[in-house]
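Here's final_33.cif, which has mmCIF, C-alpha atoms:
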```cif
data_run
#
loop_
_atom_site.label_atom_id
_atom_site.label_comp_id
_atom_site.auth_asym_id
_atom_site.auth_seq_id
_atom_site.Cartn_x
_atom_site.Cartn_y
_atom_site.Cartn_z
CA MET A 1 -54.05 -166.21 -85.20
CA LYS A 2 -53.04 -165.84 -81.54
CA LYS A 3 -50.50 -163.15 -82.48
CA ILE A 4 -53.12 -161.25 -84.48
CA LEU A 5 -55.52 -161.37 -81.53
CA LEU A 6 -52.76 -160.21 -79.18
CA TYR A 7 -51.91 -157.25 -81.40
CA ALA A 8 -55.60 -156.36 -81.65
CA LEU A 9 -55.89 -156.45 -77.85
CA LEU A 10 -52.79 -154.31 -77.39
CA ALA A 11 -54.11 -151.77 -79.85
CA CYS A 12 -57.16 -151.30 -77.63
CA LEU A 13 -55.10 -150.48 -74.55
CA PRO A 14 -54.65 -146.73 -73.88
CA GLY A 15 -51.04 -147.15 -72.85
CA TYR A 16 -50.21 -148.82 -76.15
CA LEU A 17 -51.77 -146.04 -78.22
CA LEU A 18 -50.50 -143.20 -76.06
CA ALA A 19 -46.77 -143.78 -76.05
CA ALA A 20 -46.03 -140.06 -76.29
CA ASP A 21 -44.61 -138.24 -73.26
CA VAL A 22 -46.37 -135.23 -71.76
CA ASP A 23 -44.48 -132.49 -69.92
CA THR A 24 -45.80 -129.41 -68.17
CA ILE A 25 -43.16 -126.72 -68.37
CA GLN A 26 -42.74 -123.07 -67.40
CA ILE A 27 -41.66 -120.55 -70.05
CA TYR A 28 -40.40 -117.20 -68.86
CA SER A 29 -41.97 -114.27 -70.68
CA ARG A 30 -39.67 -111.25 -70.86
CA SER A 31 -42.49 -109.21 -72.33
CA MET A 32 -44.73 -109.87 -69.30
CA GLN A 33 -42.04 -110.48 -66.69
CA LYS A 34 -43.43 -113.78 -65.46
CA SER A 35 -43.31 -117.53 -66.05
CA ILE A 36 -46.20 -119.00 -68.00
CA PRO A 37 -47.03 -122.72 -68.21
CA ALA A 38 -47.34 -124.86 -71.32
CA VAL A 39 -47.93 -128.53 -72.12
CA VAL A 40 -45.44 -130.24 -74.44
CA VAL A 41 -46.24 -133.61 -76.03
CA THR A 42 -43.25 -135.42 -77.51
CA PRO A 43 -43.87 -138.45 -79.75
CA ASP A 44 -42.77 -142.00 -79.11
CA GLY A 45 -39.13 -142.51 -79.96
CA TYR A 46 -38.16 -138.98 -78.94
CA SER A 47 -36.05 -140.22 -76.01
CA SER A 48 -34.62 -143.26 -77.76
CA GLN A 49 -33.62 -141.51 -81.01
CA PRO A 50 -31.38 -138.63 -79.91
CA MET A 51 -30.45 -137.58 -83.45
CA GLN A 52 -34.04 -137.21 -84.67
CA ARG A 53 -35.58 -133.74 -85.01
CA TYR A 54 -39.28 -133.02 -85.20
CA PRO A 55 -41.76 -130.49 -86.62
CA VAL A 56 -43.87 -128.60 -84.09
CA VAL A 57 -47.60 -127.92 -83.92
CA TYR A 58 -48.69 -125.10 -81.61
CA LEU A 59 -52.21 -125.84 -80.37
CA LEU A 60 -54.17 -122.95 -78.80
CA HIS A 61 -57.07 -123.10 -76.34
CA GLY A 62 -60.29 -121.09 -76.35
CA ALA A 63 -61.77 -118.39 -74.14
CA GLY A 64 -62.17 -119.47 -70.54
CA GLY A 65 -59.59 -122.20 -71.07
CA SER A 66 -55.92 -122.75 -70.35
CA TYR A 67 -52.82 -124.58 -71.51
CA SER A 68 -54.07 -127.88 -70.02
CA ASN A 69 -57.43 -127.96 -71.84
CA TRP A 70 -56.36 -129.99 -74.83
CA ILE A 71 -54.50 -132.73 -72.99
CA LYS A 72 -57.32 -133.10 -70.43
CA LYS A 73 -60.25 -132.91 -72.82
CA VAL A 74 -58.64 -134.72 -75.77
CA PRO A 75 -55.88 -137.00 -74.42
CA ALA A 76 -55.79 -138.62 -77.86
CA ILE A 77 -53.55 -135.78 -79.02
CA ARG A 78 -50.79 -138.00 -77.60
CA ALA A 79 -51.65 -140.63 -80.20
CA LEU A 80 -51.67 -137.93 -82.89
CA ALA A 81 -48.17 -136.85 -81.85
CA ASP A 82 -47.09 -140.48 -82.27
CA GLN A 83 -48.94 -141.00 -85.55
CA TYR A 84 -47.48 -137.93 -87.22
CA GLN A 85 -44.15 -137.85 -85.36
CA ALA A 86 -44.58 -134.25 -84.33
CA ILE A 87 -44.14 -132.30 -81.11
CA ILE A 88 -47.40 -130.69 -79.96
CA VAL A 89 -47.14 -127.59 -77.77
CA CYS A 90 -50.13 -126.15 -75.91
CA PRO A 91 -49.18 -122.66 -74.68
CA ASP A 92 -51.23 -120.70 -72.19
CA GLY A 93 -53.10 -117.72 -73.61
CA ALA A 94 -54.76 -116.66 -70.34
CA SER A 95 -58.51 -116.99 -70.06
CA THR A 96 -59.31 -114.21 -72.52
CA SER A 97 -56.12 -112.72 -73.95
CA TRP A 98 -57.36 -113.20 -77.53
CA TYR A 99 -53.63 -113.67 -78.18
CA PHE A 100 -53.21 -109.90 -78.48
CA ASP A 101 -50.49 -107.58 -77.22
CA SER A 102 -53.02 -105.38 -75.49
CA PRO A 103 -52.60 -101.67 -76.26
CA ILE A 104 -54.11 -100.80 -72.86
CA ASP A 105 -52.70 -103.48 -70.52
CA SER A 106 -49.00 -104.33 -70.59
CA GLY A 107 -49.74 -107.48 -68.58
CA PHE A 108 -51.30 -109.02 -71.68
CA ARG A 109 -48.70 -109.49 -74.41
CA TYR A 110 -49.74 -112.90 -75.61
CA GLU A 111 -49.09 -112.25 -79.29
CA THR A 112 -45.41 -111.77 -78.48
CA HIS A 113 -45.46 -114.69 -76.07
CA VAL A 114 -47.02 -117.25 -78.41
CA ALA A 115 -45.46 -115.99 -81.64
CA ARG A 116 -41.93 -115.45 -80.34
CA GLU A 117 -41.18 -116.43 -76.76
CA VAL A 118 -42.75 -119.88 -76.76
CA PRO A 119 -41.22 -121.06 -80.08
CA ASN A 120 -37.83 -119.66 -79.05
CA HIS A 121 -37.93 -121.65 -75.84
CA ILE A 122 -39.21 -124.84 -77.50
CA ASP A 123 -36.52 -124.65 -80.18
CA SER A 124 -33.83 -124.26 -77.53
CA ALA A 125 -35.11 -126.95 -75.16
CA TYR A 126 -36.34 -129.63 -77.59
CA ARG A 127 -35.05 -131.24 -80.76
CA THR A 128 -37.18 -129.35 -83.23
CA ILE A 129 -36.72 -128.64 -86.91
CA ASN A 130 -36.05 -124.96 -86.30
CA GLU A 131 -37.48 -123.66 -89.57
CA ARG A 132 -40.80 -122.04 -90.52
CA ARG A 133 -41.58 -124.92 -92.92
CA ALA A 134 -41.78 -127.24 -89.89
CA ARG A 135 -43.83 -124.95 -87.65
CA ALA A 136 -47.67 -124.89 -87.61
CA ILE A 137 -50.24 -123.14 -85.41
CA THR A 138 -53.92 -123.95 -84.89
CA GLY A 139 -56.56 -123.65 -82.21
CA LEU A 140 -60.21 -123.64 -81.22
CA SER A 141 -62.61 -120.69 -80.87
CA MET A 142 -60.54 -117.82 -79.40
CA GLY A 143 -57.53 -119.98 -80.25
CA GLY A 144 -58.71 -120.27 -83.86
CA HIS A 145 -58.69 -116.51 -84.06
CA GLY A 146 -55.32 -116.43 -82.31
CA ALA A 147 -53.77 -118.98 -84.66
CA LEU A 148 -54.75 -117.13 -87.83
CA PHE A 149 -54.00 -113.73 -86.30
CA ILE A 150 -50.50 -114.82 -85.29
CA ALA A 151 -49.78 -116.77 -88.47
CA PHE A 152 -50.65 -113.85 -90.75
CA ARG A 153 -48.69 -111.35 -88.66
CA HIS A 154 -45.73 -113.69 -88.09
CA ALA A 155 -45.54 -115.69 -91.29
CA ASP A 156 -41.77 -115.54 -91.01
CA ARG A 157 -42.16 -118.04 -88.13
CA PHE A 158 -45.12 -120.20 -89.20
CA SER A 159 -45.88 -121.81 -92.55
CA ILE A 160 -49.18 -123.53 -91.67
CA ALA A 161 -52.24 -122.13 -89.88
CA GLY A 162 -55.53 -123.65 -88.84
CA SER A 163 -58.75 -122.73 -87.09
CA MET A 164 -61.43 -124.88 -85.47
CA SER A 165 -64.71 -123.07 -84.74
CA GLY A 166 -62.78 -119.81 -84.78
CA ALA A 167 -64.29 -116.61 -83.42
CA LEU A 168 -62.81 -114.79 -86.41
CA HIS A 169 -64.54 -111.41 -86.20
CA VAL A 170 -63.75 -109.86 -82.81
CA SER A 171 -65.20 -106.48 -83.85
CA VAL A 172 -68.68 -107.84 -83.13
CA ILE A 173 -67.80 -109.50 -79.80
CA ARG A 174 -68.66 -106.60 -77.47
CA LYS A 175 -69.85 -108.42 -74.34
CA GLY A 176 -68.99 -111.46 -72.28
CA TYR A 177 -65.55 -112.38 -73.61
CA ASN A 178 -63.36 -109.48 -72.42
CA VAL A 179 -62.32 -108.27 -75.85
CA GLU A 180 -63.00 -104.75 -74.60
CA LYS A 181 -60.54 -105.32 -71.74
CA ARG A 182 -57.81 -106.17 -74.25
CA LEU A 183 -58.50 -103.57 -76.96
CA GLY A 184 -60.04 -100.74 -74.98
CA ASP A 185 -62.70 -98.24 -75.96
CA THR A 186 -64.36 -99.04 -79.27
CA VAL A 187 -64.18 -95.41 -80.40
CA VAL A 188 -60.77 -94.34 -79.08
CA ASN A 189 -59.16 -97.61 -80.19
CA ALA A 190 -61.38 -98.22 -83.20
CA ALA A 191 -58.35 -99.06 -85.37
CA TYR A 192 -57.43 -102.02 -83.14
CA TRP A 193 -60.97 -103.35 -83.14
CA ARG A 194 -61.02 -103.14 -86.93
CA ASP A 195 -57.48 -104.12 -87.90
CA TRP A 196 -56.93 -106.92 -85.38
CA SER A 197 -60.00 -108.94 -86.33
CA VAL A 198 -58.98 -111.89 -88.49
CA LEU A 199 -61.68 -110.85 -90.95
CA ASN A 200 -59.51 -107.81 -91.70
CA VAL A 201 -56.05 -109.13 -90.80
CA ILE A 202 -56.24 -111.34 -93.89
CA GLU A 203 -56.22 -108.26 -96.11
CA GLN A 204 -52.48 -108.00 -95.42
CA TYR A 205 -51.51 -111.34 -96.91
CA PRO A 206 -47.85 -111.99 -96.03
CA LYS A 207 -45.07 -112.37 -98.57
CA ASP A 208 -44.34 -115.78 -97.02
CA SER A 209 -47.24 -117.93 -98.19
CA LEU A 210 -49.33 -119.84 -95.65
CA SER A 211 -51.09 -123.19 -95.86
CA ILE A 212 -54.50 -122.61 -94.24
CA LEU A 213 -57.30 -124.90 -93.03
CA ILE A 214 -60.50 -123.41 -91.57
CA ASP A 215 -63.05 -125.81 -90.07
CA CYS A 216 -66.40 -125.05 -88.42
CA GLY A 217 -69.59 -126.87 -87.50
CA THR A 218 -72.80 -126.00 -89.34
CA GLU A 219 -74.73 -125.63 -86.06
CA ASP A 220 -72.01 -123.50 -84.46
CA ARG A 221 -72.92 -119.94 -83.44
CA VAL A 222 -69.68 -118.65 -85.02
CA ILE A 223 -70.35 -120.18 -88.44
CA PRO A 224 -71.29 -116.76 -89.95
CA MET A 225 -67.82 -115.44 -89.03
CA ASN A 226 -66.14 -118.42 -90.65
CA ARG A 227 -68.19 -118.09 -93.80
CA ALA A 228 -67.39 -114.38 -93.99
CA VAL A 229 -63.63 -115.07 -93.73
CA HIS A 230 -63.90 -117.87 -96.29
CA ASP A 231 -65.77 -115.63 -98.74
CA LYS A 232 -63.30 -112.79 -98.25
CA MET A 233 -60.35 -115.13 -98.79
CA LEU A 234 -61.94 -116.27 -102.05
CA LYS A 235 -62.34 -112.65 -103.18
CA LEU A 236 -58.75 -111.84 -102.18
CA LYS A 237 -57.57 -115.05 -103.89
CA ILE A 238 -55.90 -116.29 -100.70
CA PRO A 239 -55.29 -120.06 -101.06
CA HIS A 240 -56.93 -122.04 -98.27
CA GLU A 241 -58.96 -125.11 -97.41
CA TYR A 242 -62.41 -124.68 -95.88
CA LEU A 243 -64.55 -127.32 -94.14
CA GLU A 244 -68.08 -127.27 -92.79
CA ARG A 245 -69.39 -130.37 -91.04
CA PRO A 246 -72.36 -131.08 -88.78
CA GLY A 247 -71.51 -129.98 -85.26
CA GLU A 248 -71.71 -127.38 -82.52
CA HIS A 249 -69.29 -125.24 -80.51
CA ASN A 250 -68.17 -128.01 -78.17
CA TRP A 251 -65.47 -130.52 -77.29
CA PRO A 252 -66.96 -133.46 -79.22
CA TYR A 253 -66.59 -131.37 -82.37
CA TRP A 254 -63.03 -130.28 -81.54
CA GLU A 255 -61.99 -133.82 -80.64
CA ASN A 256 -62.92 -134.75 -84.18
CA ALA A 257 -61.65 -131.55 -85.78
CA ILE A 258 -58.11 -131.91 -84.42
CA GLN A 259 -57.76 -135.12 -86.42
CA TYR A 260 -58.50 -133.22 -89.65
CA GLN A 261 -56.11 -130.47 -88.62
CA MET A 262 -53.25 -132.85 -87.83
CA MET A 263 -53.75 -134.82 -91.04
CA TYR A 264 -53.69 -131.58 -93.06
CA ILE A 265 -50.69 -130.21 -91.17
CA ASN A 266 -48.77 -133.44 -91.70
CA GLN A 267 -49.51 -133.36 -95.43
CA GLN A 268 -48.22 -129.80 -95.62
CA PHE A 269 -45.10 -130.64 -93.58
CA ARG A 270 -44.35 -133.43 -96.06
CA LYS A 271 -44.85 -131.16 -99.09
CA LYS A 272 -42.65 -128.45 -97.66
CA ARG A 273 -39.95 -130.96 -96.77
CA LYS A 274 -39.91 -132.29 -100.35
CA GLY A 275 -39.99 -128.77 -101.74
#
```

Would it be possible to restate this file's structure as structure tokens?
Amino acid sequence: MKKILLYALLACLPGYLLAADVDTIQIYSRSMQKSIPAVVVTPDGYSSQPMQRYPVVYLLHGAGGSYSNWIKKVPAIRALADQYQAIIVCPDGASTSWYFDSPIDSGFRYETHVAREVPNHIDSAYRTINERRARAITGLSMGGHGALFIAFRHADRFSIAGSMSGALHVSVIRKGYNVEKRLGDTVVNAAYWRDWSVLNVIEQYPKDSLSILIDCGTEDRVIPMNRAVHDKMLKLKIPHEYLERPGEHNWPYWENAIQYQMMYINQQFRKKRKG
């Protein structure tokens, strides 16, 4: 009985649950000619098991955020890295890059950075399973858009994609979130506004199939965008999972949502490993 009580007490201590290590690193971007920070969470056992390799989850932040948002707002992602024995990488997407390679500003090439440069660096610096079957990408709000945008356009690199409260229809976001600063004039660059919105990106379903989970709160202001993408995926017969749960566009929702995402991603990693 004493041992059981001791284990129960230990399980309540943050240090016991959060055995994962957290590093803040700099990744040089050749496309933007500068170093860009990222957070890397490695699971418990990473240092003590030098032969073990791990799948990687790329976790994107939202508009107004940065690479450090997830680890500061939801430190429990350390426990999720331990639970699922995965490396979690939180790249920086600038405050409002929308994870685009801007056609009007060469200083914003965050599609290339997150889709190519960051995974290349992580695969060279950490013991990853360097295969698309062991690489997932997800994110919140702007990062939900970025995750699906990148996954569809770079399905040769990612096999799993997720979105939490994703702002999935950038064509209608004309004020307040700097989409116009990334894509330019809505008339001159109308093709970018149309073709780079996830609502339309999904029309070009890649030859490499994706496992997809979309999750949004029923009281969230972006729920119409999520429903529109869900309906269009059904019409296009794109396999995916779709969740609506009570909640708003806020960190309490995303703290809960990341648990669903990681459980789903882990299930897909296991299926792909067996396959």

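For the pair atom CA of Ala19 of chain A and atom CA of Gly45 of chain A, the interatomic distance is 8.7 Å.
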
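Taken over the whole file, the PyMOL selection byres ((chain A and resi 74-91) around 7) covers exactly A:Leu17, A:Leu18, A:Ala20, A:Pro37, A:Ala38, A:Val39, A:Val40, A:Val41, A:Thr42, A:Pro43, A:Asp44, A:Tyr54, A:Pro55, A:Val56, A:Val57, A:Tyr58, A:Leu59, A:Leu60, A:Tyr67, A:Trp70, A:Ile71, A:Lys72, A:Lys73, A:Asp92, A:Gly93, A:Val114, A:Glu255, A:Asn266.
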
Quick one: which segment 78-124 of chain A residues come within 12 Å of segment 195-217 of chain A, and what is the nearest atom pair for each with the distance in Å to one decimal, counting only C-alpha atoms, rows ordered by chain and ascending number, as CSV?
```
residue,atom,partner,partner_atom,distance
A:Trp98,CA,A:Trp196,CA,10.1
A:Tyr99,CA,A:Trp196,CA,10.4
A:Phe100,CA,A:Trp196,CA,8.4
A:Asp101,CA,A:Trp196,CA,10.4
A:Ser102,CA,A:Trp196,CA,10.7
A:Pro103,CA,A:Trp196,CA,11.4
A:Glu111,CA,A:Trp196,CA,11.3
```

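Shell of segment 169-178 of chain A at 6 Å, with all atoms listed in the file counted and residues fewer than 2 places along the chain excluded, is A:Ala167, A:Glu180, A:Lys181, A:Trp193, A:Ser197, A:Leu199, A:Met225.
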
Would you output that residue set with C-alpha atoms, as a PDB file, in the coordinates of the input?
```pdb
ATOM      1  CA  ALA A 167     -64.290-116.610 -83.420  1.00  0.00           C
ATOM      2  CA  GLU A 180     -63.000-104.750 -74.600  1.00  0.00           C
ATOM      3  CA  LYS A 181     -60.540-105.320 -71.740  1.00  0.00           C
ATOM      4  CA  TRP A 193     -60.970-103.350 -83.140  1.00  0.00           C
ATOM      5  CA  SER A 197     -60.000-108.940 -86.330  1.00  0.00           C
ATOM      6  CA  LEU A 199     -61.680-110.850 -90.950  1.00  0.00           C
ATOM      7  CA  MET A 225     -67.820-115.440 -89.030  1.00  0.00           C
TER       8      MET A 225
END
```

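For the residues A:Arg127, A:Glu241, A:Gly166, A:Ile104, ranking by smallest atom-to-atom distance to Gly184 of chain A using all atoms listed in the file places A:Ile104 first.
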
Excluding same-chain residues fewer than 5 positions from Ile160 of chain A, what lies within 9 Å of it counting all atoms listed in the file, as a PyMOL selection string? chain A and resi 132-138+151+155+209-213+265+268-269

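For the pair atom CA of Phe149 of chain A and atom CA of Arg227 of chain A, the interatomic distance is 16.6 Å.
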
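Atom pair atom CA of Ser29 of chain A / atom CA of Ala147 of chain A: separated by 18.9 Å.
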
Residue neighbourhood Gly139 of chain A, 8 Å, all atoms listed in the file, exclusion window fewer than 3 positions, as a PDB file with C-alpha atoms, in the frame of the given file:
```
ATOM      1  CA  LEU A  59     -52.210-125.840 -80.370  1.00  0.00           C
ATOM      2  CA  LEU A  60     -54.170-122.950 -78.800  1.00  0.00           C
ATOM      3  CA  HIS A  61     -57.070-123.100 -76.340  1.00  0.00           C
ATOM      4  CA  GLY A  62     -60.290-121.090 -76.350  1.00  0.00           C
ATOM      5  CA  MET A 142     -60.540-117.820 -79.400  1.00  0.00           C
ATOM      6  CA  GLY A 143     -57.530-119.980 -80.250  1.00  0.00           C
ATOM      7  CA  GLY A 144     -58.710-120.270 -83.860  1.00  0.00           C
ATOM      8  CA  HIS A 145     -58.690-116.510 -84.060  1.00  0.00           C
ATOM      9  CA  GLY A 146     -55.320-116.430 -82.310  1.00  0.00           C
ATOM     10  CA  ALA A 147     -53.770-118.980 -84.660  1.00  0.00           C
ATOM     11  CA  GLY A 162     -55.530-123.650 -88.840  1.00  0.00           C
ATOM     12  CA  SER A 163     -58.750-122.730 -87.090  1.00  0.00           C
ATOM     13  CA  MET A 164     -61.430-124.880 -85.470  1.00  0.00           C
ATOM     14  CA  GLY A 166     -62.780-119.810 -84.780  1.00  0.00           C
TER      15      GLY A 166
END
```

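The nearest approach to Leu140 of chain A among the residues A:Tyr242, A:Tyr260, A:Tyr126, A:Trp254, with all atoms listed in the file taken into account, belongs to A:Trp254.
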
Each side padded by 3 Å, which centre and which edge lengths in Å (one decimal) define the axis-aligned box around the listed atoms of segment 204-223 of chain A? Give them as lines of an AutoDock Vina configuration file.
```
center_x = -59.5
center_y = -117.4
center_z = -91.0
size_x = 36.4
size_y = 24.9
size_z = 21.1
```

With the file shown as input, list the residues that the PyMOL selection byres ((chain A and resi 248) around 9) selects, as an mmCIF file with C-alpha atoms, keeping the file's coordinate frame.
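Dumped to part00.cif:
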```cif
data_model
loop_
_atom_site.group_PDB
_atom_site.id
_atom_site.type_symbol
_atom_site.label_atom_id
_atom_site.label_comp_id
_atom_site.auth_asym_id
_atom_site.auth_seq_id
_atom_site.Cartn_x
_atom_site.Cartn_y
_atom_site.Cartn_z
ATOM 1 C CA SER A 165 -64.710 -123.070 -84.740
ATOM 2 C CA CYS A 216 -66.400 -125.050 -88.420
ATOM 3 C CA GLY A 217 -69.590 -126.870 -87.500
ATOM 4 C CA THR A 218 -72.800 -126.000 -89.340
ATOM 5 C CA GLU A 219 -74.730 -125.630 -86.060
ATOM 6 C CA ASP A 220 -72.010 -123.500 -84.460
ATOM 7 C CA ARG A 221 -72.920 -119.940 -83.440
ATOM 8 C CA PRO A 246 -72.360 -131.080 -88.780
ATOM 9 C CA GLY A 247 -71.510 -129.980 -85.260
ATOM 10 C CA HIS A 249 -69.290 -125.240 -80.510
ATOM 11 C CA ASN A 250 -68.170 -128.010 -78.170
ATOM 12 C CA TRP A 251 -65.470 -130.520 -77.290
ATOM 13 C CA PRO A 252 -66.960 -133.460 -79.220
ATOM 14 C CA TYR A 253 -66.590 -131.370 -82.370
#
```

So that I can check the surroundings of Arg30 of chain A, please list as a PDB file with C-alpha atoms, in the frame of the given file every protein, DNA and RNA residue that reaches within 12 Å of it, counting all atoms listed in the file and ignoring chain neighbours fewer than 5 positions away.
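The new file result_15.pdb reads:
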```pdb
ATOM      1  CA  SER A  35     -43.310-117.530 -66.050  1.00  0.00           C
ATOM      2  CA  ILE A  36     -46.200-119.000 -68.000  1.00  0.00           C
ATOM      3  CA  SER A 106     -49.000-104.330 -70.590  1.00  0.00           C
ATOM      4  CA  GLY A 107     -49.740-107.480 -68.580  1.00  0.00           C
ATOM      5  CA  PHE A 108     -51.300-109.020 -71.680  1.00  0.00           C
ATOM      6  CA  ARG A 109     -48.700-109.490 -74.410  1.00  0.00           C
ATOM      7  CA  TYR A 110     -49.740-112.900 -75.610  1.00  0.00           C
ATOM      8  CA  THR A 112     -45.410-111.770 -78.480  1.00  0.00           C
ATOM      9  CA  HIS A 113     -45.460-114.690 -76.070  1.00  0.00           C
ATOM     10  CA  ARG A 116     -41.930-115.450 -80.340  1.00  0.00           C
ATOM     11  CA  GLU A 117     -41.180-116.430 -76.760  1.00  0.00           C
ATOM     12  CA  VAL A 118     -42.750-119.880 -76.760  1.00  0.00           C
ATOM     13  CA  ASN A 120     -37.830-119.660 -79.050  1.00  0.00           C
ATOM     14  CA  HIS A 121     -37.930-121.650 -75.840  1.00  0.00           C
TER      15      HIS A 121
END
```

Measuring atom to atom with only C-alpha atoms, identify which of A:Ile129, A:Met263, A:Lys237, A:Leu168 is nearest to Ile223 of chain A. A:Leu168
